[in-house]
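As provided, target39.txt (compact mmCIF, C-alpha atoms) reads as follows.
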# COMPACT_ATOMS: atom_id res chain seq x y z
CA MET A 1 0.00 0.00 0.00
CA VAL A 2 1.56 3.35 -1.08
CA ASN A 3 -1.17 5.62 0.29
CA LYS A 4 -4.90 5.46 0.92
CA ASN A 5 -5.63 5.88 -2.79
CA VAL A 6 -3.17 3.40 -4.32
CA CYS A 7 -3.00 -0.35 -3.76
CA PHE A 8 -0.66 -3.01 -5.16
CA PHE A 9 -2.49 -6.30 -5.67
CA LEU A 10 -0.51 -9.49 -6.13
CA VAL A 11 -1.24 -13.15 -6.67
CA HIS A 12 -3.74 -14.30 -4.06
CA PRO A 13 -3.82 -18.08 -3.32
CA ASN A 14 -7.52 -18.06 -4.25
CA ARG A 15 -7.93 -15.38 -6.88
CA SER A 16 -11.70 -15.61 -7.22
CA GLN A 17 -14.02 -12.61 -7.42
CA LYS A 18 -15.31 -13.47 -3.96
CA ALA A 19 -11.81 -13.66 -2.44
CA PHE A 20 -10.85 -10.37 -4.09
CA GLU A 21 -13.92 -8.56 -2.78
CA ALA A 22 -13.40 -9.94 0.72
CA LEU A 23 -9.80 -8.72 0.73
CA ILE A 24 -10.41 -5.30 -0.77
CA GLU A 25 -13.71 -4.65 1.15
CA ASP A 26 -14.94 -1.04 0.62
CA TRP A 27 -11.64 0.37 -0.68
CA ARG A 28 -12.09 2.21 -4.01
CA GLY A 29 -8.69 3.63 -4.92
CA ILE A 30 -6.31 2.99 -7.83
CA LEU A 31 -5.36 -0.66 -8.27
CA ILE A 32 -1.96 -1.80 -9.55
CA SER A 33 -2.17 -5.42 -10.68
CA ASP A 34 -1.41 -7.98 -13.36
CA ASP A 35 -3.95 -8.71 -16.11
CA TYR A 36 -5.88 -11.42 -14.29
CA GLY A 37 -9.53 -11.19 -15.37
CA VAL A 38 -10.93 -10.62 -11.84
CA TYR A 39 -9.26 -7.22 -11.69
CA LYS A 40 -10.22 -6.09 -15.19
CA ASN A 41 -13.51 -4.42 -14.29
CA TRP A 42 -12.19 -2.57 -11.26
CA ILE A 43 -14.51 0.31 -10.36
CA ASN A 44 -11.72 2.93 -10.43
CA HIS A 45 -8.51 3.41 -12.43
CA ARG A 46 -6.22 0.39 -12.70
CA GLN A 47 -2.55 0.41 -13.61
CA LEU A 48 -1.56 -2.77 -15.39
CA CYS A 49 1.81 -3.97 -14.06
CA LEU A 50 4.25 -3.36 -16.90
CA ALA A 51 6.81 -5.74 -15.38
CA HIS A 52 4.42 -8.67 -15.91
CA LEU A 53 3.92 -7.66 -19.54
CA ILE A 54 7.65 -7.22 -20.08
CA ARG A 55 8.31 -10.73 -18.79
CA ARG A 56 5.69 -12.15 -21.14
CA ALA A 57 7.08 -10.19 -24.08
CA LYS A 58 10.63 -11.26 -23.26
CA ALA A 59 9.51 -14.90 -23.18
CA LEU A 60 8.13 -14.47 -26.71
CA SER A 61 11.43 -12.93 -27.84
CA GLU A 62 13.12 -16.24 -27.01
CA ARG A 63 10.83 -18.33 -29.23
CA LYS A 64 12.11 -20.05 -32.34
CA ASP A 65 9.33 -18.67 -34.53
CA GLU A 66 10.84 -15.58 -36.18
CA SER A 67 7.59 -13.62 -36.27
CA VAL A 68 6.79 -14.25 -32.60
CA GLN A 69 10.40 -13.56 -31.68
CA ARG A 70 10.39 -10.22 -33.51
CA PHE A 71 7.14 -9.18 -31.84
CA GLY A 72 8.51 -10.10 -28.43
CA GLU A 73 11.72 -8.13 -28.96
CA GLN A 74 9.95 -5.00 -30.19
CA LEU A 75 7.25 -5.13 -27.52
CA THR A 76 9.83 -5.60 -24.77
CA ALA A 77 11.69 -2.51 -25.98
CA GLU A 78 8.54 -0.38 -26.14
CA LEU A 79 7.29 -1.43 -22.70
CA LYS A 80 10.68 -0.71 -21.15
CA HIS A 81 10.58 2.68 -22.84
CA LEU A 82 7.17 3.29 -21.30
CA CYS A 83 8.51 2.41 -17.84
CA GLN A 84 11.25 5.01 -18.26
CA PHE A 85 8.59 7.71 -18.54
CA ALA A 86 7.99 7.25 -14.81
CA GLN A 87 11.39 8.86 -14.19
CA ALA A 88 11.26 11.41 -16.99
CA PRO A 89 7.71 12.25 -18.19
CA PRO A 90 7.60 12.46 -22.00
CA LYS A 91 7.19 15.64 -23.99
CA GLN A 92 4.46 15.74 -26.60
CA LYS A 93 6.61 14.53 -29.52
CA GLN A 94 8.19 11.77 -27.43
CA TRP A 95 4.76 10.54 -26.44
CA THR A 96 3.35 10.75 -29.96
CA ASP A 97 6.30 8.80 -31.39
CA PHE A 98 6.07 6.14 -28.68
CA TYR A 99 2.30 5.78 -28.95
CA SER A 100 2.44 5.49 -32.75
CA ARG A 101 5.10 2.78 -32.62
CA LEU A 102 3.28 0.77 -29.96
CA ILE A 103 -0.14 0.91 -31.63
CA LEU A 104 1.30 0.02 -35.04
CA LEU A 105 3.14 -2.95 -33.54
CA LEU A 106 0.04 -4.23 -31.76
CA LEU A 107 -2.20 -3.78 -34.80
CA LEU A 108 0.28 -5.59 -37.04
CA PHE A 109 0.12 -8.68 -34.83
CA GLU A 110 -3.45 -8.39 -33.58
CA GLY A 111 -4.80 -10.91 -36.07
CA ALA A 112 -2.02 -13.47 -35.64
CA ASP A 113 -3.17 -16.95 -34.59
CA ASP A 114 -0.33 -17.49 -32.14
CA ASP A 115 0.92 -16.28 -28.75
CA ALA A 116 2.06 -12.98 -30.25
CA GLY A 117 -1.45 -12.27 -31.50
CA LYS A 118 -2.93 -13.34 -28.18
CA LEU A 119 -0.74 -10.91 -26.23
CA ALA A 120 -1.29 -8.11 -28.74
CA ARG A 121 -5.07 -8.46 -28.42
CA ARG A 122 -4.87 -8.58 -24.63
CA ILE A 123 -2.85 -5.36 -24.48
CA LEU A 124 -5.12 -3.57 -26.95
CA ASP A 125 -8.09 -4.62 -24.83
CA GLU A 126 -6.56 -2.93 -21.76
CA LEU A 127 -4.67 -0.13 -23.45
CA ASP A 128 -5.84 2.65 -21.13
CA SER A 129 -4.49 0.74 -18.14
CA LEU A 130 -0.91 0.90 -19.40
CA TRP A 131 -0.13 4.50 -18.50
CA VAL A 132 -2.31 5.52 -15.55
CA PHE A 133 0.95 6.25 -13.72
CA LEU A 134 1.54 9.21 -16.04
CA ASP A 135 -1.67 10.94 -14.95
CA GLU A 136 -1.98 9.94 -11.29
CA SER A 137 0.49 10.85 -8.55
CA ASP A 138 1.99 8.07 -6.39
CA VAL A 139 1.07 5.43 -8.98
CA GLU A 140 3.97 3.29 -10.19
CA PRO A 141 4.15 1.45 -13.53
CA THR A 142 4.75 -1.91 -11.85
CA ASN A 143 3.93 -3.69 -8.61
CA ASN A 144 7.60 -4.61 -8.11
CA ARG A 145 7.70 -2.85 -4.74
CA ALA A 146 4.99 -5.10 -3.36
CA GLU A 147 6.59 -8.21 -4.86
CA ARG A 148 9.93 -7.36 -3.25
CA ALA A 149 8.16 -6.91 0.09
CA LEU A 150 6.60 -10.38 -0.22
CA ARG A 151 9.69 -12.15 -1.55
CA PHE A 152 10.95 -13.25 1.87
CA GLY A 153 7.57 -14.81 2.69
CA VAL A 154 7.37 -16.56 -0.68
CA LEU A 155 10.85 -18.07 -0.25
CA TRP A 156 10.04 -19.11 3.33
CA ARG A 157 6.88 -20.88 2.16
CA LYS A 158 8.78 -22.80 -0.52
CA ARG A 159 11.42 -23.97 1.96
CA SER A 160 9.00 -24.89 4.76
CA ASN A 161 6.06 -26.20 2.68
CA GLY A 162 3.74 -23.70 4.36
CA THR A 163 1.60 -24.22 7.44
CA GLN A 164 -0.70 -26.98 8.62
CA SER A 165 -3.43 -25.09 10.49
CA GLN A 166 -5.34 -21.83 10.76
CA LYS A 167 -3.33 -21.04 13.89
CA GLY A 168 -0.14 -21.45 11.88
CA ASN A 169 -1.56 -19.24 9.13
CA ARG A 170 -2.31 -16.46 11.62
CA TRP A 171 1.15 -16.70 13.17
CA VAL A 172 2.92 -16.53 9.81
CA GLU A 173 0.89 -13.61 8.44
CA ARG A 174 1.47 -11.61 11.64
CA ILE A 175 5.16 -12.34 12.14
CA LEU A 176 5.95 -11.64 8.49
CA SER A 177 3.91 -8.41 8.62
CA VAL A 178 5.91 -7.30 11.68
CA ARG A 179 9.19 -8.20 9.97
CA GLN A 180 8.37 -6.28 6.81
CA THR A 181 7.07 -3.26 8.73
CA CYS A 182 10.31 -3.18 10.73
CA ARG A 183 12.32 -3.47 7.55
CA GLN A 184 10.53 -0.56 5.92
CA ARG A 185 11.10 1.57 9.02
CA SER A 186 14.74 0.49 9.41
CA GLU A 187 13.99 -1.07 12.80
CA ALA A 188 15.46 -4.30 14.20
CA THR A 189 12.76 -6.95 14.50
CA PHE A 190 14.17 -8.94 17.42
CA PRO A 191 14.06 -6.20 20.11
CA ILE A 192 10.47 -5.39 19.15
CA LEU A 193 9.45 -9.03 19.51
CA VAL A 194 11.25 -9.26 22.87
CA ASN A 195 9.35 -6.18 24.06
CA ALA A 196 6.03 -7.63 22.88
CA ILE A 197 6.59 -11.00 24.57
CA SER A 198 7.86 -9.43 27.80
CA SER A 199 4.84 -7.12 27.89
CA TYR A 200 2.52 -10.09 27.37
CA PHE A 201 3.88 -11.95 30.39
CA LYS A 202 3.71 -8.76 32.46
CA GLN A 203 0.13 -8.24 31.27
CA GLN A 204 1.09 -4.87 29.82
CA LYS A 205 0.60 -3.32 26.42
CA PRO A 206 3.77 -3.44 24.29
CA SER A 207 5.40 -0.21 23.21
CA VAL A 208 4.35 0.92 19.73
CA VAL A 209 6.33 4.15 19.71
CA TRP A 210 8.41 2.80 16.84
CA LEU A 211 5.29 2.90 14.64
CA SER A 212 4.67 6.60 15.14
Spit out the file's structure as structure tokens when you get a sec.
Amino acid sequence: MVNKNVCFFLVHPNRSQKAFEALIEDWRGILISDDYGVYKNWINHRQLCLAHLIRRAKALSERKDESVQRFGEQLTAELKHLCQFAQAPPKQKQWTDFYSRLILLLLLFEGADDDAGKLARRILDELDSLWVFLDESDVEPTNNRAERALRFGVLWRKRSNGTQSQKGNRWVERILSVRQTCRQRSEATFPILVNAISSYFKQQKPSVVWLS
């Protein structure tokens, strides 16, 4: 979460419409997500994660089929160019040139009966979601920040094979949330846990000064 108006949404273990609505509740800000269908009809603006698209385009650039490979290479270059606009917003001519190249590329491959055509049609279908970050403050072109924040938890789950109970689920979600919060605030996790446990046994409330 960047601020109250912007939310990064990543892969949920049960990415159904019901699970999404339960997680998001009454929040109605700007969503940054991949192109999973559940998120497509979001009520407000949605920034499509360009990093996901770049990875898909790069995968196509490594295909043996020359046409698919060419599309993947050109699309990768254009999407990376678009990401760079987050650091240096384009002037009118820069934007016009970029937009013309991207649209021409997508239209050329739109009718192809292969993975290049499939990706071209998908991007054209969600074109307006590619550059919300250029018009809205605090919106990023990718959800990389959120993925980096979750990386430790993902690696832990792979090594440990996850949990075996709801109690274990609650413990993991809370301890990893504390760890990541400490990391973002440049605080050591261990002393904070010691304070929390000591306060519990003394039947006192733990200090939360470090959060303010």
For A:Glu110, which residue among A:Phe71, A:Val209, A:Cys182, A:Gln87 is the nearest when counting all atoms listed in the file?
A:Phe71
Between A:Ala88, A:Ile103, A:Cys49, A:Leu31, which residue has the minimum interatomic distance to A:Leu130, considering all atoms listed in the file?
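Result for the nearest residue to A:Leu130: A:Cys49.
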Among listed residues A:Arg157, A:Arg122, A:Lys91, A:Arg179, nearest A:Leu134 (using only C-alpha atoms):
A:Lys91
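Of the residues listed (A:Lys205, A:Arg185, A:Lys58, A:His81), A:His81 shows the shortest atom-to-atom separation from A:Gln94; distances use all atoms listed in the file.
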Dump as a ChimeraX atom specification all residues having an atom at most 12 Å from (-10.2, -1.4, -14.2), computed in the file's coordinates with only C-alpha atoms.
/A:28-48,125-130,132
Within 12 Å of A:Ile175, counting all atoms listed in the file, which residues show up once you throw out same-chain ones fewer than 6 positions away? Write them as a tab-separated table (two decimals) with C-alpha atoms, in the frame of the given file, please.
chain	number	residue	atom	x	y	z
A	152	PHE	CA	10.95	-13.25	1.87
A	153	GLY	CA	7.57	-14.81	2.69
A	168	GLY	CA	-0.14	-21.45	11.88
A	169	ASN	CA	-1.56	-19.24	9.13
A	181	THR	CA	7.07	-3.26	8.73
A	182	CYS	CA	10.31	-3.18	10.73
A	189	THR	CA	12.76	-6.95	14.50
A	190	PHE	CA	14.17	-8.94	17.42
A	192	ILE	CA	10.47	-5.39	19.15
A	193	LEU	CA	9.45	-9.03	19.51
A	196	ALA	CA	6.03	-7.63	22.88
In Å, how far is it from atom CA of A:Ser212 to atom CA of A:Asp138?
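Taking atom CA of A:Ser212 as the start and atom CA of A:Asp138 as the end point, the length is 21.7 Å.
Atom CA of A:Ser177 to atom CA of A:Arg145 spans 15.0 Å [interatomic distance, one decimal].
In this structure, atom CA of A:Ser186 sits 25.8 Å away from atom CA of A:Arg159.
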Using all atoms listed in the file, which residues sit within 8 Å of A:Leu106 once same-chain residues fewer than 4 positions away are excluded, as a ChimeraX atom specification?
/A:102,110,120-121,123-124
Can you sort out the box for stretch 110-118 of chain A, edges along x, y and z, all listed atoms in, 3 Å on every side, with centre and edge lengths in Å to one decimal, as AutoDock Vina command-line options?
--center_x -1.4 --center_y -12.9 --center_z -32.1 --size_x 12.9 --size_y 15.1 --size_z 13.9
